[in-house]
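**Q** A single structure is presented below for examination.
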Amino acid sequence: MITEDQARKKWCPFSRVAHSAGFVGATSFNRIPGTPPSAECTGCIASDCMAWIAAEQTFDIAKDRFLIPGESYSSRDPNYEQRPNGKGWCGHVRGLD
């Protein structure tokens, strides 16, 4: 699990960029031919991607904060709810969802 800022610095193997230098007509590539993978060119767009899976964490409404991992609570108590915590992972990655 990573933050959205961390994800946006990663290269995405599923994104495409239009590039026509040396080719007839426009062609799309996962990276510009002759260059290494780059997040600047075809990077992850985190929660702007339909495959992004947002992580949730228990939120204490009365204290206005997320619970610390391991902190106990009752799921029946209306003062607690699950909320996105700003982290997540790529839904294209198998074994995490």
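We name chains A, B, ... following the order of the structure tokens; residues begin at 1 in each chain, and ligands are numbered from 1 as shown.
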I'd like the neighbourhood of stretch 55-61 of chain A as number ranges by chain, where a residue qualifies if any of its atoms comes within 9 Å (using only C-alpha atoms), though same-chain residues fewer than 6 positions away should be ignored.

**A** A: 1, 67-69, 73, 78-89

**Q** Restricting the output to N, CA and C atoms, write the selected residues as a JSON list (two decimals), in the first residue's frame.

**A**
[["chain", "number", "residue", "atom", "x", "y", "z"],
["A", 1, "MET", "N", 0.84, -1.16, 0.00],
["A", 1, "MET", "CA", 0.00, 0.00, 0.00],
["A", 1, "MET", "C", 0.90, 1.24, 0.00],
["A", 67, "LEU", "N", -8.01, 5.68, 13.75],
["A", 67, "LEU", "CA", -7.48, 4.85, 14.84],
["A", 67, "LEU", "C", -6.07, 4.39, 14.50],
["A", 68, "ILE", "N", -5.27, 4.21, 15.52],
["A", 68, "ILE", "CA", -3.93, 3.67, 15.36],
["A", 68, "ILE", "C", -4.07, 2.16, 15.16],
["A", 69, "PRO", "N", -3.34, 1.55, 14.22],
["A", 69, "PRO", "CA", -3.44, 0.09, 14.04],
["A", 69, "PRO", "C", -3.28, -0.65, 15.37],
["A", 73, "TYR", "N", -11.98, -1.16, 18.91],
["A", 73, "TYR", "CA", -13.23, -0.41, 18.75],
["A", 73, "TYR", "C", -14.36, -1.41, 18.50],
["A", 78, "PRO", "N", -21.70, 3.73, 16.65],
["A", 78, "PRO", "CA", -21.89, 4.70, 15.56],
["A", 78, "PRO", "C", -20.82, 5.80, 15.51],
["A", 79, "ASN", "N", -19.92, 5.84, 16.50],
["A", 79, "ASN", "CA", -18.84, 6.83, 16.49],
["A", 79, "ASN", "C", -17.67, 6.42, 15.62],
["A", 80, "TYR", "N", -17.75, 5.22, 15.02],
["A", 80, "TYR", "CA", -16.66, 4.73, 14.18],
["A", 80, "TYR", "C", -17.20, 4.42, 12.78],
["A", 81, "GLU", "N", -16.40, 4.74, 11.78],
["A", 81, "GLU", "CA", -16.77, 4.39, 10.41],
["A", 81, "GLU", "C", -15.50, 4.18, 9.58],
["A", 82, "GLN", "N", -15.65, 3.48, 8.46],
["A", 82, "GLN", "CA", -14.53, 3.26, 7.56],
["A", 82, "GLN", "C", -14.45, 4.44, 6.59],
["A", 83, "ARG", "N", -13.26, 5.00, 6.44],
["A", 83, "ARG", "CA", -13.04, 6.13, 5.52],
["A", 83, "ARG", "C", -11.75, 5.90, 4.74],
["A", 84, "PRO", "N", -11.70, 6.42, 3.50],
["A", 84, "PRO", "CA", -10.43, 6.35, 2.75],
["A", 84, "PRO", "C", -9.35, 7.10, 3.53],
["A", 85, "ASN", "N", -8.14, 6.54, 3.55],
["A", 85, "ASN", "CA", -7.06, 7.15, 4.35],
["A", 85, "ASN", "C", -5.96, 7.79, 3.49],
["A", 86, "GLY", "N", -6.22, 7.97, 2.19],
["A", 86, "GLY", "CA", -5.22, 8.60, 1.34],
["A", 86, "GLY", "C", -4.20, 7.64, 0.78],
["A", 87, "LYS", "N", -4.36, 6.35, 1.06],
["A", 87, "LYS", "CA", -3.45, 5.34, 0.54],
["A", 87, "LYS", "C", -4.23, 4.36, -0.32],
["A", 88, "GLY", "N", -3.51, 3.52, -1.03],
["A", 88, "GLY", "CA", -4.18, 2.53, -1.85],
["A", 88, "GLY", "C", -3.16, 1.75, -2.66],
["A", 89, "TRP", "N", -3.65, 1.07, -3.71],
["A", 89, "TRP", "CA", -2.78, 0.30, -4.58],
["A", 89, "TRP", "C", -3.42, 0.13, -5.94]]

**Q** Would you work out the distance separating atom CA of A:Thr3 from atom CA of A:Ala54, expressed in Å to one decimal?

**A**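 A separation of 9.6 Å between them.
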
**Q** Can you pull out every residue within 8 Å of A:Cys44, counting only C-alpha atoms, but drop anything in the same chain fewer than 6 positions away, and send it as a PyMOL selection string?

**A** chain A and resi 7-12+15

**Q** Mind writing the picked residues with C-alpha atoms as a PDB file, in the first residue's frame?

**A**
ATOM      1  CA  ALA A   7       2.064   6.173  -6.815  1.00  0.00           C
ATOM      2  CA  ARG A   8       2.260   9.207  -9.109  1.00  0.00           C
ATOM      3  CA  LYS A   9       6.058   8.781  -9.190  1.00  0.00           C
ATOM      4  CA  LYS A  10       5.758   5.229 -10.548  1.00  0.00           C
ATOM      5  CA  TRP A  11       5.763   4.154 -14.189  1.00  0.00           C
ATOM      6  CA  CYS A  12       2.506   2.512 -15.329  1.00  0.00           C
ATOM      7  CA  SER A  15      -0.701   3.875 -19.845  1.00  0.00           C
TER       8      SER A  15
END

**Q** Hey, what does DSSP flag as alpha helix (DSSP H) within stretch 39-95 of chain A? Can you give it to me as a ChimeraX atom specification?

**A** /A:39-42

**Q** Please measure the separation of atom CA of A:Met50 and atom CA of A:Glu4, giving the value in Å to one decimal.

**A** 13.7 Å

**Q** To one decimal place, how far is atom CA of A:Ala51 from atom CA of A:Cys90 in Å?

**A**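 It comes out at 6.0 Å.
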